[in-house]
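Raw contents of start39.txt, compact mmCIF, C-alpha atoms:
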# COMPACT_ATOMS: atom_id res chain seq x y z
CA MET Z 1 203.73 130.73 -14.61
CA ALA Z 2 201.93 127.58 -15.86
CA LYS Z 3 198.42 126.95 -14.59
CA LYS Z 4 197.94 124.08 -12.19
CA PRO Z 5 196.29 121.21 -14.09
CA VAL Z 6 192.72 120.29 -13.21
CA THR Z 7 192.83 116.65 -12.16
CA THR Z 8 189.83 116.20 -9.84
CA ARG Z 9 186.31 115.43 -10.98
CA SER Z 10 184.77 118.34 -9.05
CA GLY Z 11 187.51 120.68 -10.28
CA ARG Z 12 186.84 119.67 -13.87
CA PHE Z 13 183.08 120.08 -13.39
CA PHE Z 14 183.37 123.61 -11.97
CA LYS Z 15 185.87 124.67 -14.62
CA LEU Z 16 183.54 123.46 -17.39
CA ALA Z 17 180.45 124.84 -15.64
CA GLY Z 18 182.13 128.26 -15.45
CA MET Z 19 182.92 128.10 -19.16
CA THR Z 20 179.32 127.05 -19.92
CA ALA Z 21 177.84 129.92 -17.88
CA SER Z 22 180.12 132.44 -19.57
CA VAL Z 23 179.34 131.17 -23.07
CA ALA Z 24 175.59 131.11 -22.33
CA SER Z 25 175.60 134.72 -21.06
CA GLN Z 26 177.61 135.87 -24.11
CA TYR Z 27 175.09 134.17 -26.40
CA ALA Z 28 172.16 135.68 -24.51
CA GLY Z 29 173.83 139.10 -24.78
CA GLN Z 30 174.25 138.66 -28.52
CA ARG Z 31 170.60 137.72 -28.93
CA ALA Z 32 169.48 140.71 -26.84
CA ARG Z 33 171.56 143.09 -28.96
CA ARG Z 34 170.05 141.63 -32.13
CA LEU Z 35 166.57 142.10 -30.66
CA PHE Z 36 167.03 145.78 -29.71
CA ALA Z 37 169.42 146.94 -32.42
CA GLY Z 38 167.96 145.09 -35.38
CA GLU Z 39 169.87 142.54 -37.46
CA GLU Z 40 173.44 142.11 -36.29
CA SER Z 41 176.21 142.55 -38.85
CA TYR Z 42 178.09 139.46 -40.04
CA GLU Z 43 181.33 140.92 -38.61
CA ALA Z 44 179.80 141.48 -35.16
CA ARG Z 45 178.31 137.98 -35.07
CA SER Z 46 181.59 136.44 -36.24
CA GLU Z 47 183.50 138.40 -33.59
CA GLY Z 48 181.11 137.11 -30.90
CA TYR Z 49 181.49 133.52 -32.11
CA THR Z 50 185.27 133.90 -32.19
CA ARG Z 51 185.31 135.17 -28.58
CA MET Z 52 183.20 132.21 -27.38
CA ALA Z 53 185.19 129.75 -29.48
CA ASP Z 54 188.54 130.98 -28.13
CA GLN Z 55 187.30 130.67 -24.55
CA ILE Z 56 186.02 127.11 -25.13
CA ALA Z 57 189.16 126.05 -27.04
CA ASN Z 58 191.44 127.49 -24.33
CA THR Z 59 189.48 125.73 -21.57
CA LEU Z 60 189.50 122.41 -23.45
CA GLY Z 61 193.25 122.70 -24.06
CA GLU Z 62 193.83 123.03 -20.31
CA MET Z 63 191.36 120.28 -19.44
CA LYS Z 64 192.74 117.45 -21.61
CA GLY Z 65 190.68 114.29 -21.72
CA ALA Z 66 187.24 113.73 -23.14
CA VAL Z 67 186.46 117.36 -23.82
CA MET Z 68 189.70 117.94 -25.70
CA LYS Z 69 189.08 114.78 -27.71
CA VAL Z 70 185.59 116.01 -28.61
CA GLY Z 71 187.12 119.31 -29.64
CA GLN Z 72 189.51 117.52 -31.98
CA ILE Z 73 186.70 115.45 -33.50
CA ALA Z 74 184.42 118.49 -33.80
CA SER Z 75 187.15 120.39 -35.65
CA GLN Z 76 187.13 117.65 -38.32
CA THR Z 77 183.35 117.41 -38.63
CA GLN Z 78 181.85 119.68 -41.25
CA ASP Z 79 178.54 121.39 -40.50
CA PHE Z 80 178.79 120.47 -36.82
CA LEU Z 81 179.84 123.95 -35.67
CA PRO Z 82 180.23 127.49 -37.05
CA LYS Z 83 183.50 128.10 -38.90
CA GLU Z 84 184.91 130.37 -36.15
CA PHE Z 85 184.57 127.56 -33.63
CA SER Z 86 186.07 124.91 -35.92
CA ASP Z 87 189.02 127.23 -36.61
CA ALA Z 88 189.67 127.73 -32.88
CA LEU Z 89 189.46 123.98 -32.27
CA GLN Z 90 191.99 123.27 -35.01
CA ARG Z 91 194.57 124.45 -32.49
CA LEU Z 92 193.77 121.43 -30.32
CA GLN Z 93 194.93 119.21 -33.20
CA LYS Z 94 198.39 120.75 -33.07
CA GLU Z 95 198.73 122.02 -29.53
CA ALA Z 96 198.55 119.45 -26.78
CA PRO Z 97 200.47 121.24 -24.01
CA PRO Z 98 202.27 118.66 -21.84
CA MET Z 99 201.16 117.84 -18.31
CA PRO Z 100 203.75 118.77 -15.61
CA PHE Z 101 206.27 115.96 -15.04
CA GLU Z 102 205.45 115.62 -11.32
CA VAL Z 103 201.81 114.81 -12.24
CA ILE Z 104 203.02 112.10 -14.64
CA VAL Z 105 205.40 110.64 -12.02
CA GLY Z 106 202.57 110.64 -9.44
CA GLN Z 107 200.25 108.79 -11.82
CA ILE Z 108 202.89 106.13 -12.63
CA GLU Z 109 203.72 105.55 -8.96
CA SER Z 110 200.03 105.43 -8.00
CA GLU Z 111 199.28 102.86 -10.74
CA LEU Z 112 202.39 100.67 -10.44
CA GLY Z 113 202.79 100.92 -6.66
CA LYS Z 114 206.54 101.66 -6.61
CA PRO Z 115 208.77 104.74 -6.88
CA VAL Z 116 209.79 105.61 -10.45
CA SER Z 117 213.45 105.21 -9.38
CA GLU Z 118 212.77 101.52 -8.65
CA LEU Z 119 210.70 100.92 -11.80
CA PHE Z 120 213.06 102.43 -14.40
CA GLU Z 121 216.76 103.06 -14.89
CA TYR Z 122 215.60 106.45 -16.14
CA LEU Z 123 212.37 108.17 -17.20
CA GLN Z 124 212.84 111.09 -19.56
CA GLU Z 125 211.19 114.29 -18.30
CA LYS Z 126 210.51 115.79 -21.73
CA PRO Z 127 207.48 114.04 -23.30
CA TYR Z 128 208.08 111.91 -26.39
CA ALA Z 129 204.51 112.90 -27.42
CA ALA Z 130 201.51 114.59 -25.77
CA ALA Z 131 197.92 113.88 -26.73
CA SER Z 132 194.39 114.49 -25.51
CA ILE Z 133 194.04 111.70 -22.93
CA GLY Z 134 197.63 110.93 -22.06
CA GLN Z 135 201.26 111.51 -22.89
CA VAL Z 136 204.24 109.33 -23.74
CA HIS Z 137 207.71 109.38 -22.16
CA ARG Z 138 210.86 107.49 -23.13
CA ALA Z 139 212.39 105.32 -20.44
CA ARG Z 140 214.71 102.38 -19.86
CA LEU Z 141 213.96 99.35 -17.72
CA ASN Z 142 216.52 98.34 -15.12
CA GLU Z 143 217.67 95.38 -17.22
CA GLY Z 144 218.44 97.76 -20.11
CA THR Z 145 215.38 97.54 -22.42
CA ASP Z 146 214.44 100.87 -24.03
CA VAL Z 147 210.70 101.51 -23.72
CA ILE Z 148 208.02 104.15 -24.07
CA VAL Z 149 205.57 104.73 -21.21
CA LYS Z 150 202.08 105.91 -22.11
CA VAL Z 151 200.53 107.63 -19.07
CA GLN Z 152 196.88 108.61 -18.83
CA TYR Z 153 196.15 112.01 -17.35
CA PRO Z 154 194.70 111.81 -13.81
CA GLY Z 155 190.94 112.33 -13.55
CA VAL Z 156 190.25 111.83 -17.26
CA ASP Z 157 188.71 108.36 -16.92
CA GLU Z 158 186.28 109.11 -14.08
CA SER Z 159 185.22 112.43 -15.60
CA CYS Z 160 184.48 111.18 -19.13
CA ASP Z 161 180.65 111.13 -18.90
CA SER Z 162 180.25 114.37 -16.92
CA ASP Z 163 182.77 116.12 -19.24
CA LEU Z 164 180.78 115.10 -22.31
CA LYS Z 165 177.46 116.23 -20.80
CA GLN Z 166 178.93 119.57 -19.75
CA LEU Z 167 180.54 120.21 -23.13
CA ARG Z 168 177.34 119.34 -24.96
CA LEU Z 169 175.44 121.76 -22.71
CA ALA Z 170 178.02 124.53 -23.39
CA LEU Z 171 177.69 124.05 -27.15
CA LYS Z 172 173.89 124.00 -26.92
CA LEU Z 173 173.59 127.09 -24.68
CA GLY Z 174 176.12 128.92 -26.84
CA GLY Z 175 173.88 128.34 -29.87
CA LEU Z 176 176.78 126.46 -31.48
CA LEU Z 177 175.20 123.10 -32.31
CA LYS Z 178 173.89 123.12 -35.85
CA MET Z 179 172.65 119.53 -36.12
CA PRO Z 180 169.34 117.79 -35.32
CA LYS Z 181 169.15 116.28 -31.83
CA GLU Z 182 169.25 112.69 -33.18
CA SER Z 183 172.49 113.43 -35.05
CA VAL Z 184 174.02 115.04 -31.96
CA ASP Z 185 172.95 111.99 -29.90
CA GLN Z 186 174.63 109.64 -32.42
CA LEU Z 187 177.79 111.73 -32.56
CA PHE Z 188 178.21 111.95 -28.78
CA ALA Z 189 177.34 108.23 -28.33
CA GLU Z 190 180.05 107.31 -30.85
CA ILE Z 191 182.57 109.63 -29.16
CA ARG Z 192 181.72 108.17 -25.74
CA GLU Z 193 182.16 104.58 -26.94
CA ARG Z 194 185.47 105.38 -28.62
CA LEU Z 195 186.71 107.20 -25.52
CA LYS Z 196 185.75 104.38 -23.12
CA GLU Z 197 187.85 101.98 -25.23
CA GLU Z 198 190.78 104.37 -25.52
CA LEU Z 199 190.76 105.07 -21.78
CA ASP Z 200 191.25 101.38 -20.95
CA TYR Z 201 194.94 100.62 -21.51
CA GLU Z 202 194.39 96.99 -20.44
CA ASN Z 203 192.04 96.70 -23.41
CA GLU Z 204 194.73 98.19 -25.66
CA ALA Z 205 197.30 95.73 -24.28
CA ARG Z 206 194.97 92.83 -25.18
CA ASN Z 207 194.54 94.30 -28.67
CA ILE Z 208 198.32 94.53 -29.11
CA HIS Z 209 198.83 90.88 -28.08
CA GLN Z 210 196.07 89.86 -30.52
CA PHE Z 211 197.49 91.81 -33.47
CA ARG Z 212 201.01 90.53 -32.79
CA ASP Z 213 199.51 87.03 -33.09
CA PHE Z 214 197.65 87.99 -36.28
CA HIS Z 215 200.85 89.21 -37.95
CA GLN Z 216 203.36 86.72 -36.51
CA ASP Z 217 203.93 85.22 -39.99
CA ASP Z 218 204.49 88.65 -41.59
CA PRO Z 219 208.17 89.46 -40.96
CA TRP Z 220 207.67 92.94 -42.43
CA VAL Z 221 205.09 93.95 -39.76
CA LEU Z 222 206.41 95.07 -36.38
CA ILE Z 223 204.15 95.86 -33.41
CA PRO Z 224 205.76 96.98 -30.13
CA ASP Z 225 205.43 94.34 -27.40
CA VAL Z 226 203.68 95.13 -24.11
CA ILE Z 227 205.79 95.13 -20.92
CA ASP Z 228 203.05 93.59 -18.75
CA SER Z 229 204.97 94.09 -15.48
CA HIS Z 230 204.88 97.88 -16.05
CA SER Z 231 201.34 98.20 -17.41
CA THR Z 232 197.91 98.79 -15.85
CA ARG Z 233 194.58 100.30 -16.86
CA ARG Z 234 196.14 103.80 -16.93
CA VAL Z 235 199.83 103.13 -17.67
CA LEU Z 236 200.99 101.22 -20.75
CA THR Z 237 204.68 100.39 -21.20
CA LEU Z 238 205.81 99.18 -24.63
CA GLU Z 239 209.13 98.26 -26.16
CA LEU Z 240 210.61 101.16 -28.13
CA LEU Z 241 210.40 100.51 -31.89
CA GLU Z 242 211.33 103.46 -34.06
CA GLY Z 243 211.03 104.10 -37.77
CA ASP Z 244 210.62 106.90 -40.29
CA HIS Z 245 207.50 109.06 -40.49
CA VAL Z 246 205.76 108.93 -43.89
CA SER Z 247 207.25 112.36 -44.71
CA GLU Z 248 210.76 110.84 -44.50
CA VAL Z 249 210.00 108.00 -46.94
CA THR Z 250 211.35 109.40 -50.21
CA PRO Z 251 212.52 107.74 -53.46
CA GLU Z 252 216.00 109.13 -52.72
CA ARG Z 253 216.21 107.31 -49.37
CA TYR Z 254 214.09 104.22 -50.08
CA GLY Z 255 214.01 103.82 -53.86
CA GLN Z 256 210.71 103.69 -55.79
CA ASP Z 257 210.77 99.87 -55.96
CA MET Z 258 210.89 99.59 -52.15
CA ILE Z 259 208.12 102.21 -51.79
CA ASN Z 260 205.98 100.13 -54.17
CA GLU Z 261 206.78 97.00 -52.13
CA ILE Z 262 205.72 98.80 -48.95
CA GLY Z 263 202.47 99.67 -50.75
CA HIS Z 264 201.82 95.98 -51.45
CA ARG Z 265 202.59 95.12 -47.82
CA ILE Z 266 200.19 97.81 -46.56
CA PHE Z 267 197.48 96.41 -48.83
CA THR Z 268 198.13 92.83 -47.64
CA THR Z 269 198.08 93.91 -43.98
CA MET Z 270 194.78 95.77 -44.46
CA ALA Z 271 193.12 92.99 -46.48
CA ASP Z 272 194.23 90.31 -44.00
CA GLN Z 273 192.74 92.27 -41.10
CA LEU Z 274 189.48 92.72 -42.96
CA PHE Z 275 188.94 89.37 -44.67
CA ARG Z 276 191.03 86.86 -42.65
CA PHE Z 277 191.14 88.16 -39.08
CA GLN Z 278 187.85 90.12 -39.28
CA CYS Z 279 189.31 92.59 -36.80
CA ILE Z 280 190.74 95.93 -37.90
CA HIS Z 281 193.07 98.66 -36.64
CA GLY Z 282 190.50 101.46 -36.52
CA ASP Z 283 192.73 104.55 -36.48
CA PRO Z 284 194.95 104.40 -39.57
CA HIS Z 285 196.49 107.88 -39.72
CA ALA Z 286 200.10 108.80 -40.50
CA GLY Z 287 201.14 109.09 -36.84
CA ASN Z 288 200.26 105.43 -36.20
CA PHE Z 289 202.62 104.05 -38.86
CA ALA Z 290 206.40 104.14 -39.25
CA TYR Z 291 208.69 102.68 -41.90
CA ARG Z 292 212.23 101.41 -42.36
CA PRO Z 293 214.31 101.34 -45.56
CA ASP Z 294 214.27 97.51 -45.57
CA GLY Z 295 210.48 97.64 -46.12
CA THR Z 296 209.43 97.09 -42.50
CA ILE Z 297 206.13 98.65 -41.41
CA ILE Z 298 205.65 99.48 -37.71
CA LEU Z 299 202.10 99.77 -36.35
CA TYR Z 300 201.31 101.81 -33.24
CA ASP Z 301 198.29 102.64 -31.08
CA PHE Z 302 195.70 99.90 -30.72
CA GLY Z 303 193.28 101.83 -28.52
CA CYS Z 304 190.68 101.77 -31.29
CA VAL Z 305 190.13 98.26 -32.68
CA LYS Z 306 186.91 97.08 -34.31
CA LYS Z 307 185.92 93.41 -34.29
CA LEU Z 308 183.72 92.74 -37.32
CA LYS Z 309 180.76 90.40 -37.55
CA PRO Z 310 181.39 87.59 -40.09
CA GLU Z 311 178.14 88.38 -41.95
CA ILE Z 312 179.24 92.04 -42.34
CA VAL Z 313 182.60 90.99 -43.81
CA GLU Z 314 180.79 88.59 -46.16
CA ALA Z 315 178.32 91.27 -47.29
CA TYR Z 316 181.21 93.68 -47.85
CA ARG Z 317 183.09 91.10 -49.92
CA LYS Z 318 180.01 90.34 -52.03
CA ALA Z 319 179.37 94.06 -52.57
CA LEU Z 320 182.94 94.47 -53.90
CA VAL Z 321 182.52 91.48 -56.24
CA ALA Z 322 179.23 92.90 -57.56
CA ALA Z 323 180.83 96.32 -58.11
CA LEU Z 324 183.80 94.82 -59.98
CA GLN Z 325 181.42 92.80 -62.15
CA GLU Z 326 179.12 95.81 -62.66
CA ASP Z 327 176.18 93.78 -61.32
CA TYR Z 328 174.30 96.69 -59.77
CA GLU Z 329 171.20 94.72 -58.84
CA ALA Z 330 173.37 92.42 -56.69
CA LEU Z 331 175.29 95.43 -55.33
CA ASP Z 332 172.02 97.01 -54.16
CA ARG Z 333 171.07 93.76 -52.37
CA HIS Z 334 174.45 93.46 -50.61
CA LEU Z 335 174.37 97.12 -49.49
CA ILE Z 336 171.01 96.36 -47.83
CA ASP Z 337 172.69 93.39 -46.06
CA LEU Z 338 175.47 95.75 -44.93
CA GLY Z 339 172.93 98.11 -43.38
CA ALA Z 340 174.00 100.92 -45.72
CA ARG Z 341 170.83 100.92 -47.85
CA VAL Z 342 167.28 101.39 -46.52
CA GLU Z 343 165.45 98.21 -47.53
CA SER Z 344 161.98 99.77 -47.71
CA LYS Z 345 163.02 102.20 -50.47
CA PRO Z 346 162.78 101.28 -54.19
CA ALA Z 347 165.82 100.17 -56.21
CA ILE Z 348 168.52 102.74 -56.98
CA ASP Z 349 169.14 103.88 -60.56
CA GLU Z 350 172.02 101.73 -61.87
CA ALA Z 351 173.66 104.80 -63.44
CA TYR Z 352 174.12 106.23 -59.92
CA TYR Z 353 175.96 103.12 -58.76
CA ALA Z 354 177.97 103.05 -62.00
CA MET Z 355 179.14 106.63 -61.45
CA TRP Z 356 180.50 105.86 -57.95
CA ARG Z 357 181.90 102.51 -59.03
CA ASP Z 358 183.92 104.14 -61.84
CA ILE Z 359 185.42 106.65 -59.38
CA LEU Z 360 186.26 104.28 -56.52
CA ILE Z 361 187.45 101.33 -58.61
CA GLN Z 362 190.31 103.25 -60.27
CA PRO Z 363 193.24 101.62 -58.39
CA PHE Z 364 191.80 98.15 -59.21
CA ASP Z 365 190.53 98.74 -62.73
CA THR Z 366 193.45 97.32 -64.72
CA ALA Z 367 196.48 95.09 -64.34
CA ASN Z 368 198.68 98.18 -64.81
CA PRO Z 369 200.27 99.95 -61.81
CA TYR Z 370 198.20 102.80 -60.41
CA ASN Z 371 200.09 105.98 -59.41
CA PHE Z 372 198.67 106.96 -56.03
CA ALA Z 373 200.84 110.12 -55.89
CA GLU Z 374 198.81 111.56 -58.78
CA SER Z 375 195.47 110.12 -57.62
CA GLU Z 376 192.53 112.54 -57.50
CA ILE Z 377 189.90 110.07 -56.28
CA HIS Z 378 189.23 112.30 -53.25
CA LYS Z 379 188.59 115.27 -55.58
CA ASP Z 380 186.35 113.17 -57.86
CA VAL Z 381 184.34 112.10 -54.79
CA ALA Z 382 184.05 115.70 -53.55
CA ALA Z 383 182.86 116.86 -56.98
CA LYS Z 384 179.98 114.35 -56.91
CA THR Z 385 178.80 114.82 -53.31
CA SER Z 386 175.86 117.00 -54.43
CA THR Z 387 174.37 113.93 -56.18
CA VAL Z 388 173.98 112.27 -52.77
CA PHE Z 389 171.02 114.51 -51.93
CA LYS Z 390 168.87 112.82 -54.59
CA TYR Z 391 169.06 109.53 -52.67
CA LEU Z 392 169.54 110.92 -49.16
CA ASP Z 393 166.62 108.92 -47.71
CA TYR Z 394 167.77 105.70 -49.41
CA PHE Z 395 171.02 105.38 -47.46
CA GLN Z 396 171.93 105.38 -43.76
CA PRO Z 397 175.21 105.33 -41.80
CA PRO Z 398 176.29 101.66 -41.83
CA VAL Z 399 177.10 101.37 -38.12
CA GLU Z 400 178.77 97.95 -38.42
CA SER Z 401 180.94 98.76 -41.42
CA ILE Z 402 181.74 102.43 -40.81
CA PHE Z 403 185.21 101.49 -39.48
CA ILE Z 404 185.94 99.54 -42.68
CA ASP Z 405 185.31 102.69 -44.72
CA ARG Z 406 187.47 104.68 -42.32
CA MET Z 407 190.29 102.12 -42.55
CA ILE Z 408 190.21 102.13 -46.37
CA ALA Z 409 190.18 105.94 -46.54
CA GLY Z 410 193.11 106.12 -44.09
CA HIS Z 411 195.14 103.66 -46.16
CA TYR Z 412 194.32 105.53 -49.40
CA TRP Z 413 195.92 108.67 -47.93
CA MET Z 414 198.91 106.63 -46.73
CA LEU Z 415 199.52 105.16 -50.20
CA LYS Z 416 199.11 108.62 -51.73
CA ARG Z 417 201.57 110.27 -49.33
CA LEU Z 418 204.09 107.46 -49.86
CA GLY Z 419 203.78 107.86 -53.65
CA VAL Z 420 203.11 104.16 -54.24
CA GLN Z 421 202.82 102.89 -57.84
CA ALA Z 422 201.26 99.43 -57.79
CA ALA Z 423 198.61 97.18 -59.32
CA PHE Z 424 196.31 95.59 -56.74
CA ARG Z 425 193.62 93.97 -58.91
CA SER Z 426 194.97 90.40 -58.82
CA GLU Z 427 195.71 90.65 -55.07
CA LEU Z 428 192.20 91.91 -54.36
CA GLU Z 429 190.64 89.10 -56.40
CA LYS Z 430 192.43 86.47 -54.27
CA TYR Z 431 190.68 87.87 -51.18
CA LEU Z 432 187.32 87.99 -52.96
CA GLU Z 433 187.32 84.40 -54.22
CA GLY Z 434 185.31 83.23 -51.18
CA ALA Z 435 182.27 85.28 -52.22
CA GLY Z 436 179.43 83.26 -53.63

Could the structure of this file be written out as C-alpha cells, please?
Amino acid sequence: MAKKPVTTRSGRFFKLAGMTASVASQYAGQRARRLFAGEESYEARSEGYTRMADQIANTLGEMKGAVMKVGQIASQTQDFLPKEFSDALQRLQKEAPPMPFEVIVGQIESELGKPVSELFEYLQEKPYAAASIGQVHRARLNEGTDVIVKVQYPGVDESCDSDLKQLRLALKLGGLLKMPKESVDQLFAEIRERLKEELDYENEARNIHQFRDFHQDDPWVLIPDVIDSHSTRRVLTLELLEGDHVSEVTPERYGQDMINEIGHRIFTTMADQLFRFQCIHGDPHAGNFAYRPDGTIILYDFGCVKKLKPEIVEAYRKALVAALQEDYEALDRHLIDLGARVESKPAIDEAYYAMWRDILIQPFDTANPYNFAESEIHKDVAAKTSTVFKYLDYFQPPVESIFIDRMIAGHYWMLKRLGVQAAFRSELEKYLEGAG
C-alpha cells in the first residue's frame, strides 16, 4: 500500500526532524564505537554511511520539493558528500515517484477554483512526467486544444525554507558535510534562490511570454504558449508541443545535413540570448529540448532564467575577443571585470591562459567544420584540473556569469549528443564585432 504523501508544513517538519534525529544518533553511535573499539574499518564506516544515506534518500524521495531538489543537486556536486551518500541520492535523479492523482486534482481545483470536469474535457491520470517540485499531466481544454498541466505539489512552496534548514542540519549532524561553512552557505543560498524562482509558476509564465517574443522572428524555434486562463502560481497550463528527444535524432532519420543545420540554429539561439537579449535559458539539459525532422527546435521549462547585466555581457564578449586574438594581458583585465579574477593578485602567467585557450577554442579555431561527436574537450579539461590549484587564490566563482558558463556547457553536450559537424568561427565573430 502506498504511503500517504506528506503535504502539510508541520507534517514535513516532523518527518524531516525524525530523519535528522535518527541520522544524528547513528553518527553518534559510530563515533562511540570508534572511540571504544579503536579505528573503525573502512567497510564498517562505509556500511554506516550507506545506512544513513539510504534513510535520507528514501525520506527525500517521499517528501518531494526542496529537499528532493537539494538531493538531486548534491548528487551532482563532487566533494560535497561521501560517495555512499552521493550514490544513494543518484536514485532521486531517476526515481521521482508520482503523487497520487487525487492530490493533483485537489491542487488544481484549489488553485483554479472550479472542478476539473469543468476545466478540462479530460485530464489524464497517468503523469506525463514527475519531478521534484511538481508533475505534469496531459489534458484537453473544452474547446479541443491539447495541453500539458504542470501542477506543483501541495506544501512544497510554504515549506521551502524550513525544509532546507532541516536538511542542512541532518547532513551536519550526520557528519556528512565535507565543505567549509562559507561554501555550504553559498551552496544553500544558491539552491534557495533557484527554488524560489522555480516554485513561482507565474514567474515562469512571464519568462515564457518574454522568450516567445525574443524568438518570434526565428521560425525554427517553438516555445509552448501559456494558457493564462488555466494558470496560477502553482498550476501552469501550456499548449502541447511534442518533438523527438535528442536520443531519437539520428542521421538515418534526420540526415547529417539537417543535424548540422540544427547545430547552427542551436548556436544562433544561444548567442542571441547571450549577446542580443542579454537574458538566458538557465537550464539547458537534454530534457528541456526537443527536435523535429524539419529542423525545428522546441524549448521547454523556463523556471530558471537569468537576466544578465549589460556590463557583464560586454566583459564576456571582450574576454572572448582577447582569447581569440591571444591577447592574454587584455584577457586578464576582462576576467577581473567579469568578477572571475581577484584584482588584488598579480598577473597570471600567460602560458596558463594559453593552455586553457587552446583547449576551449577548438570548435572555433578554424573555418573547417568541427566534429562534436568526436570532441574530447571535456576530457582535456578534466586532465588539466590539477593545474587550477596553482592559481586557486587568483580566481573566484563569477556569480554574475556563472549561468553563462552553465549554458555553454549544456549546449556543448547537446551538440555532442546530436553529432553536429559545423564551423562556428565566422558566426561567433559576427556577435563579437561590438567589442571595443

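Nearest to Gly339 in chain Z of all the residues Z:Ile223, Z:Ala322, Z:Ala129, Z:Ile402 is Z:Ile402, based on only C-alpha atoms.
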
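Ranking Z:Phe302, Z:Phe120, Z:Phe275, Z:Tyr391 by their shortest atom-to-atom distance to Leu199 in chain Z, with all atoms listed in the file included, puts Z:Phe302 first.
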
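Among the candidate residues Z:Glu248, Z:Asp337, Z:Glu197, Z:Asp217, the one lying nearest to Ile133 in chain Z is Z:Glu197, with distances computed using all atoms listed in the file.
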
Axis-aligned box for all listed atoms of range 329-334 of chain Z, 6 Å per side, centre and edges in Å to one decimal, as JSON:
{"center_x": 173.2, "center_y": 94.7, "center_z": -54.7, "size_x": 16.2, "size_y": 16.6, "size_z": 20.2}

Cut-off 12 Å: closest range 371-400 of chain Z/range 249-268 of chain Z atom pairs per residue, using only C-alpha atoms, as JSON lines:
{"residue": "Z:Asn371", "atom": "CA", "partner": "Z:Asn260", "partner_atom": "CA", "distance": 9.8}
{"residue": "Z:Phe372", "atom": "CA", "partner": "Z:Gly263", "partner_atom": "CA", "distance": 9.8}
{"residue": "Z:Ala373", "atom": "CA", "partner": "Z:Asn260", "partner_atom": "CA", "distance": 11.4}

- Message: Applying 12 Å and only C-alpha atoms, which residues near Ile377 in chain Z remain after dropping the ones on its own chain fewer than 2 positions away? List them as a ChimeraX atom specification.
- Response: /Z:356-363,370-375,379-384,409,412-413,416

- Item | Distance criterion (only C-alpha atoms): nearest to Val305 in chain Z out of Z:Glu198, Z:Asp161, Z:Glu118, Z:Glu190 |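 Distance minimum relative to Val305 in chain Z lands on Z:Glu198.
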
- Pick from Z:Pro284, Z:Cys304, Z:Ile108, Z:His411, whichever lies nearest to Lys196 in chain Z using all atoms listed in the file: Z:Cys304

- Item | Nearest to Asp365 in chain Z, chosen from Z:Ser426, Z:Thr387, Z:Gln396, Z:Gln186, with only C-alpha atoms counted in the distances |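 Ranked by minimum distance to Asp365 in chain Z, first place goes to Z:Ser426.
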
- Task: Counting only C-alpha atoms, select every polymer residue within 8 Å of (190.2, 94.4, -56.5) as defined in the file's coordinates, and provide the selection as a ChimeraX atom specification.
- Result: /Z:320,324,361,364-365,424-429,432

- Item | Close residues, range 141-154 of chain Z itself excluded, 6 Å, all atoms listed in the file, min 4 positions apart in chain, as JSON, numbers by chain | {"Z": [7, 120, 121, 133, 134, 135, 136, 137, 234, 235, 236, 237, 238, 239, 240]}

Here's a test: counting all atoms listed in the file, identify every protein, DNA and RNA residue with an atom at most 12 Å from (186.2, 104.2, -28.7) in the file's coordinate frame, and state them as a PDB file with C-alpha atoms, keeping the file's coordinate frame.
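See result.pdb below for the written result:
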ATOM      1  CA  ALA Z  66     187.240 113.730 -23.140  1.00  0.00           C
ATOM      2  CA  LYS Z  69     189.080 114.780 -27.710  1.00  0.00           C
ATOM      3  CA  VAL Z  70     185.590 116.010 -28.610  1.00  0.00           C
ATOM      4  CA  CYS Z 160     184.480 111.180 -19.130  1.00  0.00           C
ATOM      5  CA  LEU Z 187     177.790 111.730 -32.560  1.00  0.00           C
ATOM      6  CA  PHE Z 188     178.210 111.950 -28.780  1.00  0.00           C
ATOM      7  CA  ALA Z 189     177.340 108.230 -28.330  1.00  0.00           C
ATOM      8  CA  GLU Z 190     180.050 107.310 -30.850  1.00  0.00           C
ATOM      9  CA  ILE Z 191     182.570 109.630 -29.160  1.00  0.00           C
ATOM     10  CA  ARG Z 192     181.720 108.170 -25.740  1.00  0.00           C
ATOM     11  CA  GLU Z 193     182.160 104.580 -26.940  1.00  0.00           C
ATOM     12  CA  ARG Z 194     185.470 105.380 -28.620  1.00  0.00           C
ATOM     13  CA  LEU Z 195     186.710 107.200 -25.520  1.00  0.00           C
ATOM     14  CA  LYS Z 196     185.750 104.380 -23.120  1.00  0.00           C
ATOM     15  CA  GLU Z 197     187.850 101.980 -25.230  1.00  0.00           C
ATOM     16  CA  GLU Z 198     190.780 104.370 -25.520  1.00  0.00           C
ATOM     17  CA  LEU Z 199     190.760 105.070 -21.780  1.00  0.00           C
ATOM     18  CA  ASP Z 200     191.250 101.380 -20.950  1.00  0.00           C
ATOM     19  CA  TYR Z 201     194.940 100.620 -21.510  1.00  0.00           C
ATOM     20  CA  ASN Z 203     192.040  96.700 -23.410  1.00  0.00           C
ATOM     21  CA  GLU Z 204     194.730  98.190 -25.660  1.00  0.00           C
ATOM     22  CA  HIS Z 281     193.070  98.660 -36.640  1.00  0.00           C
ATOM     23  CA  GLY Z 282     190.500 101.460 -36.520  1.00  0.00           C
ATOM     24  CA  ASP Z 283     192.730 104.550 -36.480  1.00  0.00           C
ATOM     25  CA  PHE Z 302     195.700  99.900 -30.720  1.00  0.00           C
ATOM     26  CA  GLY Z 303     193.280 101.830 -28.520  1.00  0.00           C
ATOM     27  CA  CYS Z 304     190.680 101.770 -31.290  1.00  0.00           C
ATOM     28  CA  VAL Z 305     190.130  98.260 -32.680  1.00  0.00           C
ATOM     29  CA  LYS Z 306     186.910  97.080 -34.310  1.00  0.00           C
ATOM     30  CA  PHE Z 403     185.210 101.490 -39.480  1.00  0.00           C
TER      31      PHE Z 403
END

- Message: Just to confirm, what's the straight-line distance from CA of Val313 in chain Z to CA of Gly295 in chain Z in Å (one decimal)?
- Response: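 It comes out at 28.8 Å.
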
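Coordinates place CA of Asp393 in chain Z at a distance of 10.8 Å from CA of Glu343 in chain Z.
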
- Task: For Arg292 in chain Z, list every protein, DNA or RNA residue within 7 Å, evaluated using all atoms listed in the file, and leave out those in the same chain fewer than 3 positions away; present the list as a ChimeraX atom specification.
- Result: /Z:243-244,295-297

C-alpha atoms of the current selection, written as a JSON list (two decimals), in the coordinates of the input:
[["chain", "number", "residue", "atom", "x", "y", "z"],
["Z", 243, "GLY", "CA", 211.03, 104.10, -37.77],
["Z", 244, "ASP", "CA", 210.62, 106.90, -40.29],
["Z", 295, "GLY", "CA", 210.48, 97.64, -46.12],
["Z", 296, "THR", "CA", 209.43, 97.09, -42.50],
["Z", 297, "ILE", "CA", 206.13, 98.65, -41.41]]
